[in-house]
>>> print(open('final-v8.txt').read())   # compact mmCIF, C-alpha atoms and all ligand atoms
# COMPACT_ATOMS: atom_id res chain seq x y z
CA MET A 9 -21.88 4.88 -8.72
CA THR A 10 -22.68 1.27 -8.06
CA GLY A 11 -20.75 -1.82 -7.11
CA LEU A 12 -17.89 -0.18 -5.27
CA SER A 13 -15.86 -2.27 -2.91
CA ASP A 14 -13.04 -1.58 -0.48
CA LEU A 15 -9.91 -3.65 -0.11
CA THR A 16 -7.66 -2.99 2.84
CA ALA A 17 -4.08 -4.01 3.28
CA HIS A 18 -2.46 -3.87 6.66
CA TYR A 19 1.11 -3.41 7.61
CA GLU A 20 1.66 -4.82 11.04
CA ARG A 21 4.11 -5.27 13.78
CA SER A 22 4.96 -8.87 14.44
CA PRO A 23 3.24 -10.64 17.32
CA ILE A 24 6.71 -11.81 18.28
CA GLU A 25 7.21 -8.43 19.86
CA ARG A 26 3.76 -7.47 20.92
CA LYS A 27 2.43 -10.93 21.80
CA HIS A 28 -0.58 -9.92 19.84
CA THR A 29 -1.82 -12.53 17.45
CA LEU A 30 -4.07 -11.72 14.58
CA PRO A 31 -5.45 -14.51 12.44
CA HIS A 32 -4.23 -12.97 9.21
CA LEU A 33 -0.77 -12.16 10.42
CA ARG A 34 2.11 -14.06 8.93
CA ARG A 35 5.07 -14.59 11.12
CA SER A 36 8.55 -14.03 9.79
CA PRO A 37 10.46 -17.25 9.08
CA PRO A 38 13.40 -17.74 11.41
CA PRO A 39 16.65 -16.44 9.94
CA ALA A 40 19.05 -19.12 8.75
CA THR A 41 22.08 -17.84 10.56
CA ALA A 42 21.82 -14.57 12.34
CA ARG A 43 20.06 -14.11 15.61
CA THR A 44 16.54 -12.81 15.49
CA PRO A 45 16.64 -9.09 14.73
CA PRO A 46 15.39 -6.96 17.56
CA SER A 47 12.56 -5.43 15.68
CA LEU A 48 10.69 -7.87 13.53
CA LEU A 49 7.92 -6.49 11.44
CA ALA A 50 5.25 -8.43 9.78
CA LEU A 51 2.99 -7.31 7.03
CA ALA A 52 -0.29 -8.91 6.40
CA ALA A 53 -3.17 -8.22 4.14
CA PHE A 54 -6.74 -9.19 3.98
CA ALA A 55 -9.54 -7.97 1.87
CA LEU A 56 -12.62 -6.45 3.40
CA ALA A 57 -15.61 -5.79 1.24
CA CYS A 58 -17.79 -2.80 2.02
CA GLY A 59 -20.74 -1.61 0.02
CA ASP A 60 -21.17 -4.75 -1.98
CA ASP A 61 -22.02 -8.29 -1.08
CA PRO A 62 -19.08 -10.60 -1.74
CA ALA A 63 -21.42 -13.57 -1.68
CA THR A 64 -23.18 -12.37 -4.80
CA PRO A 65 -20.61 -11.26 -7.34
CA PRO A 66 -21.78 -10.50 -10.85
CA GLN A 67 -22.36 -13.73 -12.71
CA GLU A 68 -21.11 -12.45 -16.02
CA PRO A 69 -18.73 -9.61 -15.43
CA PRO A 70 -18.39 -7.39 -18.47
CA PRO A 71 -15.04 -7.04 -20.16
CA PRO A 72 -12.77 -4.76 -18.22
CA GLU A 73 -12.85 -1.17 -19.33
CA ASP A 74 -9.08 -1.27 -19.62
CA PRO A 75 -6.67 -4.12 -20.20
CA PRO A 76 -5.71 -5.75 -16.92
CA CYS A 77 -2.33 -6.61 -18.42
CA SER A 78 -0.54 -9.64 -17.12
CA ARG A 79 -2.40 -11.58 -14.48
CA THR A 80 0.15 -14.18 -13.62
CA SER A 81 3.87 -14.39 -13.71
CA GLU A 82 6.66 -16.68 -12.70
CA ALA A 83 8.06 -13.81 -10.71
CA GLY A 84 7.17 -13.54 -7.06
CA TYR A 85 5.02 -10.47 -7.19
CA VAL A 86 1.29 -10.72 -6.66
CA ARG A 87 -1.30 -8.34 -8.01
CA THR A 88 -4.25 -7.61 -5.76
CA ASP A 89 -7.16 -9.79 -6.75
CA SER A 90 -10.33 -7.81 -7.26
CA ARG A 91 -12.39 -10.70 -5.82
CA PHE A 92 -15.27 -9.76 -8.08
CA THR A 93 -13.76 -10.19 -11.52
CA GLU A 94 -11.43 -12.79 -12.95
CA GLY A 95 -8.49 -10.43 -12.82
CA PRO A 96 -6.57 -8.09 -10.60
CA VAL A 97 -7.38 -4.53 -9.71
CA PHE A 98 -5.97 -1.91 -12.07
CA TRP A 99 -5.91 1.82 -12.59
CA PRO A 100 -8.00 3.04 -15.52
CA ALA A 101 -6.07 4.23 -18.55
CA GLU A 102 -7.06 7.84 -18.07
CA ALA A 103 -5.66 7.82 -14.56
CA VAL A 104 -2.41 6.32 -15.77
CA GLU A 105 -2.14 8.68 -18.73
CA GLY A 106 -2.68 11.68 -16.50
CA CYS A 107 -0.30 10.41 -13.81
CA ILE A 108 -1.84 9.00 -10.65
CA PRO A 109 -2.16 11.82 -8.10
CA VAL A 110 -1.08 11.32 -4.51
CA ALA A 111 -2.18 13.98 -2.04
CA PHE A 112 -0.64 14.68 1.33
CA ASP A 113 -2.33 15.59 4.58
CA PRO A 114 -0.49 18.79 5.55
CA VAL A 115 -0.72 17.92 9.23
CA GLY A 116 2.00 15.35 8.52
CA SER A 117 3.63 13.18 11.16
CA LYS A 118 4.39 13.95 14.79
CA ASP A 119 7.83 12.42 14.35
CA LEU A 120 9.44 14.47 11.63
CA PRO A 121 8.90 17.73 9.74
CA ALA A 122 6.23 17.69 7.06
CA ALA A 123 8.89 18.44 4.44
CA ALA A 124 10.86 15.37 5.46
CA ALA A 125 7.75 13.19 5.35
CA ARG A 126 6.93 14.54 1.90
CA ASP A 127 10.46 13.83 0.73
CA ALA A 128 10.15 10.26 1.95
CA LEU A 129 6.84 9.91 0.14
CA TRP A 130 8.26 11.17 -3.13
CA ARG A 131 11.42 9.12 -2.90
CA ALA A 132 9.15 6.10 -2.47
CA ALA A 133 6.91 7.17 -5.35
CA ASP A 134 9.85 7.99 -7.61
CA SER A 135 11.35 4.56 -7.03
CA TRP A 136 8.25 2.90 -8.46
CA ALA A 137 8.09 5.36 -11.36
CA ALA A 138 11.78 4.93 -12.14
CA ALA A 139 11.35 1.17 -12.23
CA ALA A 140 8.52 1.58 -14.73
CA GLU A 141 10.50 4.04 -16.81
CA GLY A 142 13.31 1.52 -17.05
CA CYS A 143 11.06 -0.82 -19.01
CA GLY A 144 9.07 1.80 -20.86
CA ALA A 145 5.90 1.35 -18.81
CA PRO A 146 3.96 4.62 -18.63
CA LEU A 147 3.57 4.84 -14.87
CA CYS A 148 3.87 8.21 -13.26
CA LEU A 149 2.73 9.56 -9.95
CA ARG A 150 2.14 13.25 -9.41
CA ASP A 151 1.70 15.53 -6.46
CA GLY A 152 -1.99 15.72 -5.68
CA GLY A 153 -1.39 18.69 -3.41
CA ASP A 154 -2.28 19.29 0.19
CA VAL A 155 -5.60 17.78 1.11
CA PRO A 156 -6.96 17.80 4.66
CA ARG A 157 -7.75 14.41 6.06
CA ASP A 158 -11.45 15.18 6.38
CA GLU A 159 -11.62 15.86 2.66
CA GLY A 160 -9.36 13.14 1.41
CA LEU A 161 -9.76 10.01 3.50
CA GLY A 162 -12.26 7.55 2.15
CA LEU A 163 -14.52 7.58 -0.84
CA ARG A 164 -16.88 10.43 -1.62
CA GLU A 165 -19.97 9.81 -3.65
CA GLY A 166 -19.68 11.95 -6.73
CA GLY A 167 -16.11 12.89 -5.89
CA PRO A 168 -13.74 14.50 -5.96
CA ASN A 169 -11.65 11.66 -4.62
CA HIS A 170 -8.11 12.03 -3.46
CA ASN A 171 -5.50 9.33 -3.05
CA LEU A 172 -4.35 10.55 0.33
CA VAL A 173 -1.39 9.87 2.57
CA THR A 174 -2.25 10.74 6.14
CA PHE A 175 -0.91 10.09 9.62
CA THR A 176 -3.17 9.25 12.54
CA VAL A 177 -1.63 10.69 15.68
CA ASP A 178 -4.51 10.30 18.09
CA ALA A 179 -4.55 6.87 19.69
CA ALA A 180 -8.28 6.78 20.28
CA THR A 181 -8.90 7.62 16.63
CA TRP A 182 -6.57 4.89 15.47
CA ASP A 183 -7.82 2.32 17.95
CA ALA A 184 -11.36 2.91 16.77
CA LEU A 185 -10.24 1.87 13.28
CA GLN A 186 -7.50 -0.72 13.71
CA SER A 187 -5.41 -2.68 16.14
CA PRO A 188 -2.57 -0.69 17.72
CA THR A 189 -0.15 -3.21 16.18
CA VAL A 190 -1.11 -2.24 12.64
CA ILE A 191 1.54 0.10 11.26
CA ALA A 192 -0.35 1.33 8.24
CA VAL A 193 -3.46 0.63 6.26
CA THR A 194 -3.99 1.21 2.58
CA THR A 195 -7.62 1.16 1.62
CA THR A 196 -8.33 0.87 -2.07
CA THR A 197 -11.78 1.26 -3.49
CA ILE A 198 -12.57 -0.49 -6.75
CA ASN A 199 -15.40 -0.74 -9.16
CA ALA A 200 -16.53 -4.27 -8.38
CA ARG A 201 -17.84 -4.78 -11.91
CA THR A 202 -14.52 -4.12 -13.58
CA GLY A 203 -11.81 -4.19 -10.93
CA ALA A 204 -10.85 -0.61 -11.81
CA LEU A 205 -9.37 1.35 -8.94
CA VAL A 206 -11.32 4.41 -7.90
CA ASP A 207 -9.55 5.62 -4.77
CA ALA A 208 -6.62 4.60 -2.57
CA ASP A 209 -5.70 6.07 0.80
CA VAL A 210 -2.68 5.36 2.96
CA ASN A 211 -3.24 5.81 6.69
CA LEU A 212 -0.17 5.51 8.92
CA ASN A 213 -0.33 4.66 12.60
CA ASP A 214 1.52 7.60 14.10
CA ALA A 215 -0.19 7.01 17.43
CA HIS A 216 1.65 3.80 18.34
CA PHE A 217 4.72 3.92 16.10
CA LEU A 218 7.64 6.19 15.51
CA PHE A 219 8.68 7.04 11.96
CA ALA A 220 12.09 8.22 10.84
CA ASP A 221 13.48 9.23 7.48
CA ASP A 222 17.09 8.44 8.20
CA GLU A 223 18.59 5.35 9.77
CA VAL A 224 21.40 7.39 11.26
CA GLY A 225 20.45 8.60 14.69
CA ALA A 226 16.95 7.18 14.53
CA PRO A 227 15.57 5.62 17.69
CA PRO A 228 16.02 1.83 17.57
CA ASP A 229 12.30 1.26 17.50
CA ALA A 230 11.66 3.71 14.66
CA LEU A 231 10.36 2.56 11.31
CA ASP A 232 11.87 3.79 8.08
CA LEU A 233 9.11 5.94 6.65
CA GLU A 234 10.33 5.63 3.08
CA THR A 235 10.17 1.84 3.25
CA VAL A 236 6.72 1.85 4.82
CA LEU A 237 5.49 4.26 2.15
CA ARG A 238 7.11 2.28 -0.66
CA HIS A 239 5.23 -0.77 0.58
CA GLU A 240 1.94 1.08 0.93
CA LEU A 241 2.31 2.72 -2.48
CA GLY A 242 2.76 -0.80 -3.83
CA HIS A 243 -0.71 -1.56 -2.48
CA LEU A 244 -1.98 1.72 -3.97
CA LEU A 245 -0.59 0.67 -7.35
CA GLY A 246 -2.38 -2.66 -7.15
CA PHE A 247 0.02 -5.13 -5.57
CA ASP A 248 -0.53 -7.58 -2.78
CA HIS A 249 2.15 -9.19 -0.65
CA GLY A 250 4.68 -11.22 -2.61
CA ALA A 251 6.89 -14.24 -2.04
CA ASP A 252 10.28 -12.71 -2.74
CA PRO A 253 11.98 -12.11 0.61
CA GLY A 254 13.81 -9.17 -0.94
CA SER A 255 10.65 -7.55 -2.22
CA VAL A 256 9.33 -4.42 -0.62
CA MET A 257 5.98 -6.22 -0.81
CA PHE A 258 7.23 -9.20 1.21
CA PRO A 259 4.94 -9.76 4.18
CA THR A 260 7.63 -9.63 6.80
CA GLU A 261 10.44 -7.23 7.43
CA ALA A 262 13.45 -8.90 8.97
CA SER A 263 15.10 -5.91 10.52
CA GLY A 264 13.23 -2.93 11.78
CA GLY A 265 14.25 0.46 10.54
CA GLU A 266 16.21 -0.90 7.61
CA ARG A 267 15.51 0.76 4.31
CA ARG A 268 14.22 -1.61 1.69
CA GLY A 269 14.23 -0.85 -2.02
CA LEU A 270 12.49 -2.48 -4.93
CA SER A 271 13.52 -6.00 -5.84
CA GLY A 272 13.63 -7.65 -9.23
CA ASP A 273 10.18 -9.03 -8.54
CA ASP A 274 8.85 -5.59 -7.72
CA VAL A 275 10.28 -4.25 -10.96
CA ALA A 276 8.89 -7.18 -12.93
CA GLY A 277 5.51 -6.54 -11.37
CA ILE A 278 5.37 -2.85 -12.18
CA CYS A 279 6.59 -3.50 -15.72
CA GLU A 280 4.00 -6.17 -16.38
CA ALA A 281 1.13 -4.41 -14.63
CA PHE A 282 1.68 -1.08 -16.35
CA GLY A 283 3.43 -2.21 -19.51
CA CYS A 284 0.33 -2.61 -21.67
CA TYR A 285 -1.28 0.81 -21.38
ZN ZN A 301 1.09 -4.71 3.15
>>> encode(input="final-v8.txt", output="structure tokens", more="lines below")
Ligand SMILES: [Zn+2]
Amino acid sequence: MTGLSDLTAHYERSPIERKHTLPHLRRSPPPATARTPPSLLALAAFALACGDDPATPPQEPPPPEDPPCSRTSEAGYVRTDSRFTEGPVFWPAEAVEGCIPVAFDPVGSKDLPAAAARDALWRAADSWAAAAEGCGAPLCLRDGGDVPRDEGLGLREGGPNHNLVTFTVDAATWDALQSPTVIAVTTTTINARTGALVDADVNLNDAHFLFADDEVGAPPDALDLETVLRHELGHLLGFDHGADPGSVMFPTEASGGERRGLSGDDVAGICEAFGCY
């Protein structure tokens, strides 16, 4: 397979807390009234090309193999730009028709039982699917089964490829990949000729952060796993950070641990991105 490229989207803790400044990090705007919440989170994304030279994109990209659907909207959502074609990334029709599989690393998280982490994942996935169903868009996600990290993380030439959710518990392993302040990374691999998504993996930083699936009784520093996964699945589905402060794809989280659902912009995005299949 030729012309594959990776895009990574990072979910990060704000430098306000960690005094750790990254050039791509966007700081949360100061709240209008309330005091600054104790646990500000910031989400930031940047694209990193691997396996293809971004300086030499195809001069005449062929028509996409599937309709990219809406590319712009007055709503606040943003679809991930493929960087190599004129349009956003998108899942091929056969992937959408068969339901996009999401596999789970059975090792799970150190912070909560694997069953609870799975439940959080599927609540997050179901929220996106329910939003699509509400407007008749044929988006569905299905259980891709248990896939060990070594088999599922990253792209494999010739496949099979798994869209994997995995937790990195070991600090040295995480630190070799990302800054400790990064909460999660979703790496999507696309066909650079068409913008079609090939693989998407969600890697959560379980080495430096604590995840919880319930606000009640959770440690004050814990992150709501369902919200983090809803955000990362948004990247998996082809969305970048958006401008709606209520959106789960907004680049900053104003109050740590608080569960965030889909906003009107998120729903508009999923309906327009998946409405034309
Ligand atoms: Zn993000």
>>> closest_residue(input="final-v8.txt", among="A:Thr235, A:Thr181, A:Thr202, A:Asn213", to="Ala128 (chain A)", atoms="all atoms listed in the file")
A:Thr235
>>> atom_distance(input="final-v8.txt", atom1="CA of Arg150 (chain A)", atom2="CA of Val97 (chain A)")
20.2 Å
>>> residues_near_point(input="final-v8.txt", point="(-1.8, 10.4, 19.0)", cutoff="6 Å", atoms="all atoms listed in the file", output="list in words")
Val177, Asp178, Ala179 and Ala215 of chain A
>>> closest_residue(input="final-v8.txt", among="A:Leu163, A:Ile191, A:Ala140, A:Val210", to="Ala111 (chain A)", atoms="all atoms listed in the file")
A:Val210
>>> atom_distance(input="final-v8.txt", atom1="CA of Tyr285 (chain A)", atom2="CA of Pro146 (chain A)")
7.0 Å
>>> closest_residue(input="final-v8.txt", among="A:Ala139, A:Ala276, A:Leu244, A:Ala208", to="ligand ZN 301 (chain A)", atoms="only C-alpha atoms and all ligand atoms")
A:Leu244
>>> atom_distance(input="final-v8.txt", atom1="CA of Leu15 (chain A)", atom2="CA of Ala103 (chain A)")
18.9 Å
>>> residues_around(input="final-v8.txt", residues="Val275 (chain A)", least_positions_apart="2", cutoff="10 Å", atoms="only C-alpha atoms", output="MDAnalysis selection string")
chainID A and resid 83 85 135:140 142:143 255 270:273 277:281
>>> write_last_selection(input="final-v8.txt", atoms="C-alpha atoms", output="PDB file, in the frame of the given file")
ATOM      1  CA  ALA A  83       8.060 -13.810 -10.710  1.00  0.00           C
ATOM      2  CA  TYR A  85       5.020 -10.470  -7.190  1.00  0.00           C
ATOM      3  CA  SER A 135      11.350   4.560  -7.030  1.00  0.00           C
ATOM      4  CA  TRP A 136       8.250   2.900  -8.460  1.00  0.00           C
ATOM      5  CA  ALA A 137       8.090   5.360 -11.360  1.00  0.00           C
ATOM      6  CA  ALA A 138      11.780   4.930 -12.140  1.00  0.00           C
ATOM      7  CA  ALA A 139      11.350   1.170 -12.230  1.00  0.00           C
ATOM      8  CA  ALA A 140       8.520   1.580 -14.730  1.00  0.00           C
ATOM      9  CA  GLY A 142      13.310   1.520 -17.050  1.00  0.00           C
ATOM     10  CA  CYS A 143      11.060  -0.820 -19.010  1.00  0.00           C
ATOM     11  CA  SER A 255      10.650  -7.550  -2.220  1.00  0.00           C
ATOM     12  CA  LEU A 270      12.490  -2.480  -4.930  1.00  0.00           C
ATOM     13  CA  SER A 271      13.520  -6.000  -5.840  1.00  0.00           C
ATOM     14  CA  GLY A 272      13.630  -7.650  -9.230  1.00  0.00           C
ATOM     15  CA  ASP A 273      10.180  -9.030  -8.540  1.00  0.00           C
ATOM     16  CA  GLY A 277       5.510  -6.540 -11.370  1.00  0.00           C
ATOM     17  CA  ILE A 278       5.370  -2.850 -12.180  1.00  0.00           C
ATOM     18  CA  CYS A 279       6.590  -3.500 -15.720  1.00  0.00           C
ATOM     19  CA  GLU A 280       4.000  -6.170 -16.380  1.00  0.00           C
ATOM     20  CA  ALA A 281       1.130  -4.410 -14.630  1.00  0.00           C
TER      21      ALA A 281
END
>>> build_atoms(input="final-v8.txt", residues="region 229-241 of chain A", atoms="N, CA and C atoms", output="mmCIF file, in the frame of the given file")
data_model
loop_
_atom_site.group_PDB
_atom_site.id
_atom_site.type_symbol
_atom_site.label_atom_id
_atom_site.label_comp_id
_atom_site.auth_asym_id
_atom_site.auth_seq_id
_atom_site.Cartn_x
_atom_site.Cartn_y
_atom_site.Cartn_z
ATOM 1 N N ASP A 229 13.630 1.788 17.769
ATOM 2 C CA ASP A 229 12.300 1.260 17.500
ATOM 3 C C ASP A 229 11.624 1.947 16.311
ATOM 4 N N ALA A 230 12.290 2.944 15.733
ATOM 5 C CA ALA A 230 11.660 3.710 14.660
ATOM 6 C C ALA A 230 11.567 2.894 13.381
ATOM 7 N N LEU A 231 10.552 3.202 12.612
ATOM 8 C CA LEU A 231 10.360 2.560 11.310
ATOM 9 C C LEU A 231 10.830 3.513 10.229
ATOM 10 N N ASP A 232 11.431 2.954 9.196
ATOM 11 C CA ASP A 232 11.870 3.790 8.080
ATOM 12 C C ASP A 232 10.638 4.199 7.269
ATOM 13 N N LEU A 233 10.342 5.464 7.292
ATOM 14 C CA LEU A 233 9.110 5.940 6.650
ATOM 15 C C LEU A 233 9.119 5.672 5.153
ATOM 16 N N GLU A 234 10.265 5.854 4.523
ATOM 17 C CA GLU A 234 10.330 5.630 3.080
ATOM 18 C C GLU A 234 9.976 4.183 2.738
ATOM 19 N N THR A 235 10.470 3.247 3.516
ATOM 20 C CA THR A 235 10.170 1.840 3.250
ATOM 21 C C THR A 235 8.690 1.542 3.463
ATOM 22 N N VAL A 236 8.149 2.068 4.557
ATOM 23 C CA VAL A 236 6.720 1.850 4.820
ATOM 24 C C VAL A 236 5.885 2.425 3.677
ATOM 25 N N LEU A 237 6.250 3.628 3.231
ATOM 26 C CA LEU A 237 5.490 4.260 2.150
ATOM 27 C C LEU A 237 5.692 3.542 0.823
ATOM 28 N N ARG A 238 6.883 3.033 0.583
ATOM 29 C CA ARG A 238 7.110 2.280 -0.660
ATOM 30 C C ARG A 238 6.208 1.049 -0.690
ATOM 31 N N HIS A 239 6.106 0.393 0.465
ATOM 32 C CA HIS A 239 5.230 -0.770 0.580
ATOM 33 C C HIS A 239 3.769 -0.362 0.369
ATOM 34 N N GLU A 240 3.353 0.675 1.036
ATOM 35 C CA GLU A 240 1.940 1.080 0.930
ATOM 36 C C GLU A 240 1.611 1.590 -0.470
ATOM 37 N N LEU A 241 2.546 2.292 -1.101
ATOM 38 C CA LEU A 241 2.310 2.720 -2.480
ATOM 39 C C LEU A 241 2.213 1.501 -3.404
#
